[in-house]
Amino acid sequence: IPTRTNLELVARLTGTSNENIRELNPDLRHGCTPPNYPDFQLKIPKGTKERFEAEYAKIREDQRFTEKWLYSHYPAP
């Protein structure tokens, strides 16, 4: 993977579930490939490499990763 990429996108492009991609890559804990780590070797299901590479190449670099903000709600005291 040449740039930071959402694992949800990887799952969609390989035709599998996000859960499956996470199981194959347990070291990834933030829902994406690491930033500032060009050529990260991501594990994808066997037999999906060609499909993934073809579809991934069609997606602009700035659309491969979307920052997600998580909010926590704390009840008033």
# chains A, B, ... in the order shown; residues from 1 in each chain; ligands from 1
>>> select_by_dssp(residues="chain A", states="helix (DSSP H, G or I)", output="MDAnalysis selection string")
chainID A and resid 7:14 18:24 49:57 61:63
>>> write_last_selection(atoms="N, CA, C and O atoms", output="mmCIF file, in the first residue's frame")
data_model
loop_
_atom_site.group_PDB
_atom_site.id
_atom_site.type_symbol
_atom_site.label_atom_id
_atom_site.label_comp_id
_atom_site.auth_asym_id
_atom_site.auth_seq_id
_atom_site.Cartn_x
_atom_site.Cartn_y
_atom_site.Cartn_z
ATOM 1 N N LEU A 7 -9.191 0.648 5.999
ATOM 2 C CA LEU A 7 -9.391 -0.790 5.870
ATOM 3 C C LEU A 7 -10.780 -1.105 5.309
ATOM 4 O O LEU A 7 -10.955 -2.115 4.634
ATOM 5 N N GLU A 8 -11.750 -0.241 5.545
ATOM 6 C CA GLU A 8 -13.090 -0.439 4.968
ATOM 7 C C GLU A 8 -13.012 -0.411 3.443
ATOM 8 O O GLU A 8 -13.700 -1.175 2.770
ATOM 9 N N LEU A 9 -12.190 0.473 2.909
ATOM 10 C CA LEU A 9 -12.007 0.549 1.463
ATOM 11 C C LEU A 9 -11.359 -0.725 0.949
ATOM 12 O O LEU A 9 -11.777 -1.292 -0.058
ATOM 13 N N VAL A 10 -10.342 -1.204 1.658
ATOM 14 C CA VAL A 10 -9.663 -2.439 1.272
ATOM 15 C C VAL A 10 -10.664 -3.591 1.246
ATOM 16 O O VAL A 10 -10.693 -4.384 0.304
ATOM 17 N N ALA A 11 -11.501 -3.673 2.269
ATOM 18 C CA ALA A 11 -12.515 -4.739 2.334
ATOM 19 C C ALA A 11 -13.456 -4.663 1.140
ATOM 20 O O ALA A 11 -13.745 -5.683 0.507
ATOM 21 N N ARG A 12 -13.926 -3.469 0.830
ATOM 22 C CA ARG A 12 -14.857 -3.306 -0.293
ATOM 23 C C ARG A 12 -14.194 -3.716 -1.608
ATOM 24 O O ARG A 12 -14.795 -4.415 -2.420
ATOM 25 N N LEU A 13 -12.951 -3.305 -1.815
ATOM 26 C CA LEU A 13 -12.269 -3.598 -3.073
ATOM 27 C C LEU A 13 -11.899 -5.071 -3.230
ATOM 28 O O LEU A 13 -11.754 -5.559 -4.341
ATOM 29 N N THR A 14 -11.747 -5.767 -2.120
ATOM 30 C CA THR A 14 -11.423 -7.191 -2.188
ATOM 31 C C THR A 14 -12.665 -8.069 -2.114
ATOM 32 O O THR A 14 -12.570 -9.290 -2.233
ATOM 33 N N ASN A 18 -14.876 -6.005 6.482
ATOM 34 C CA ASN A 18 -13.890 -5.237 7.235
ATOM 35 C C ASN A 18 -13.306 -6.104 8.351
ATOM 36 O O ASN A 18 -12.115 -6.054 8.635
ATOM 37 N N GLU A 19 -14.161 -6.918 8.950
ATOM 38 C CA GLU A 19 -13.724 -7.817 10.023
ATOM 39 C C GLU A 19 -12.648 -8.786 9.513
ATOM 40 O O GLU A 19 -11.663 -9.047 10.195
ATOM 41 N N ASN A 20 -12.838 -9.311 8.315
ATOM 42 C CA ASN A 20 -11.862 -10.238 7.734
ATOM 43 C C ASN A 20 -10.513 -9.546 7.513
ATOM 44 O O ASN A 20 -9.462 -10.115 7.814
ATOM 45 N N ILE A 21 -10.541 -8.320 6.997
ATOM 46 C CA ILE A 21 -9.293 -7.573 6.776
ATOM 47 C C ILE A 21 -8.603 -7.311 8.112
ATOM 48 O O ILE A 21 -7.386 -7.449 8.235
ATOM 49 N N ARG A 22 -9.372 -6.972 9.128
ATOM 50 C CA ARG A 22 -8.792 -6.728 10.464
ATOM 51 C C ARG A 22 -8.191 -8.012 11.048
ATOM 52 O O ARG A 22 -7.160 -7.970 11.692
ATOM 53 N N GLU A 23 -8.848 -9.144 10.829
ATOM 54 C CA GLU A 23 -8.323 -10.417 11.318
ATOM 55 C C GLU A 23 -6.995 -10.766 10.634
ATOM 56 O O GLU A 23 -6.107 -11.330 11.259
ATOM 57 N N LEU A 24 -6.892 -10.443 9.351
ATOM 58 C CA LEU A 24 -5.660 -10.716 8.618
ATOM 59 C C LEU A 24 -4.531 -9.762 9.002
ATOM 60 O O LEU A 24 -3.360 -10.062 8.770
ATOM 61 N N LYS A 49 -5.750 -10.322 -4.985
ATOM 62 C CA LYS A 49 -4.712 -9.324 -5.266
ATOM 63 C C LYS A 49 -4.947 -8.575 -6.574
ATOM 64 O O LYS A 49 -4.892 -7.344 -6.598
ATOM 65 N N GLU A 50 -5.200 -9.278 -7.664
ATOM 66 C CA GLU A 50 -5.359 -8.625 -8.958
ATOM 67 C C GLU A 50 -6.563 -7.689 -8.958
ATOM 68 O O GLU A 50 -6.492 -6.562 -9.445
ATOM 69 N N ARG A 51 -7.672 -8.165 -8.412
ATOM 70 C CA ARG A 51 -8.872 -7.330 -8.335
ATOM 71 C C ARG A 51 -8.599 -6.084 -7.500
ATOM 72 O O ARG A 51 -8.945 -4.973 -7.901
ATOM 73 N N PHE A 52 -7.978 -6.278 -6.352
ATOM 74 C CA PHE A 52 -7.683 -5.154 -5.475
ATOM 75 C C PHE A 52 -6.783 -4.135 -6.169
ATOM 76 O O PHE A 52 -7.065 -2.935 -6.154
ATOM 77 N N GLU A 53 -5.696 -4.590 -6.765
ATOM 78 C CA GLU A 53 -4.758 -3.676 -7.414
ATOM 79 C C GLU A 53 -5.425 -2.882 -8.530
ATOM 80 O O GLU A 53 -5.188 -1.681 -8.678
ATOM 81 N N ALA A 54 -6.262 -3.531 -9.323
ATOM 82 C CA ALA A 54 -6.941 -2.852 -10.431
ATOM 83 C C ALA A 54 -7.901 -1.779 -9.916
ATOM 84 O O ALA A 54 -7.918 -0.650 -10.421
ATOM 85 N N GLU A 55 -8.697 -2.116 -8.910
ATOM 86 C CA GLU A 55 -9.669 -1.165 -8.368
ATOM 87 C C GLU A 55 -8.998 -0.059 -7.557
ATOM 88 O O GLU A 55 -9.407 1.101 -7.620
ATOM 89 N N TYR A 56 -7.966 -0.402 -6.818
ATOM 90 C CA TYR A 56 -7.235 0.571 -5.990
ATOM 91 C C TYR A 56 -6.593 1.634 -6.880
ATOM 92 O O TYR A 56 -6.599 2.823 -6.536
ATOM 93 N N ALA A 57 -6.074 1.246 -8.015
ATOM 94 C CA ALA A 57 -5.428 2.180 -8.937
ATOM 95 C C ALA A 57 -6.406 3.216 -9.482
ATOM 96 O O ALA A 57 -5.993 4.306 -9.875
ATOM 97 N N GLU A 61 -5.528 9.281 -4.779
ATOM 98 C CA GLU A 61 -4.807 9.156 -3.508
ATOM 99 C C GLU A 61 -5.524 9.879 -2.369
ATOM 100 O O GLU A 61 -5.597 9.361 -1.253
ATOM 101 N N ASP A 62 -6.085 11.041 -2.638
ATOM 102 C CA ASP A 62 -6.753 11.800 -1.578
ATOM 103 C C ASP A 62 -8.108 11.216 -1.173
ATOM 104 O O ASP A 62 -8.739 11.691 -0.233
ATOM 105 N N GLN A 63 -8.565 10.170 -1.871
ATOM 106 C CA GLN A 63 -9.828 9.525 -1.522
ATOM 107 C C GLN A 63 -9.628 8.155 -0.879
ATOM 108 O O GLN A 63 -10.599 7.459 -0.610
#
>>> residues_around(residues="segment 27-44 of chain A", least_positions_apart="3", cutoff="6 Å", atoms="only C-alpha atoms", output="ChimeraX atom specification")
/A:1-7,24
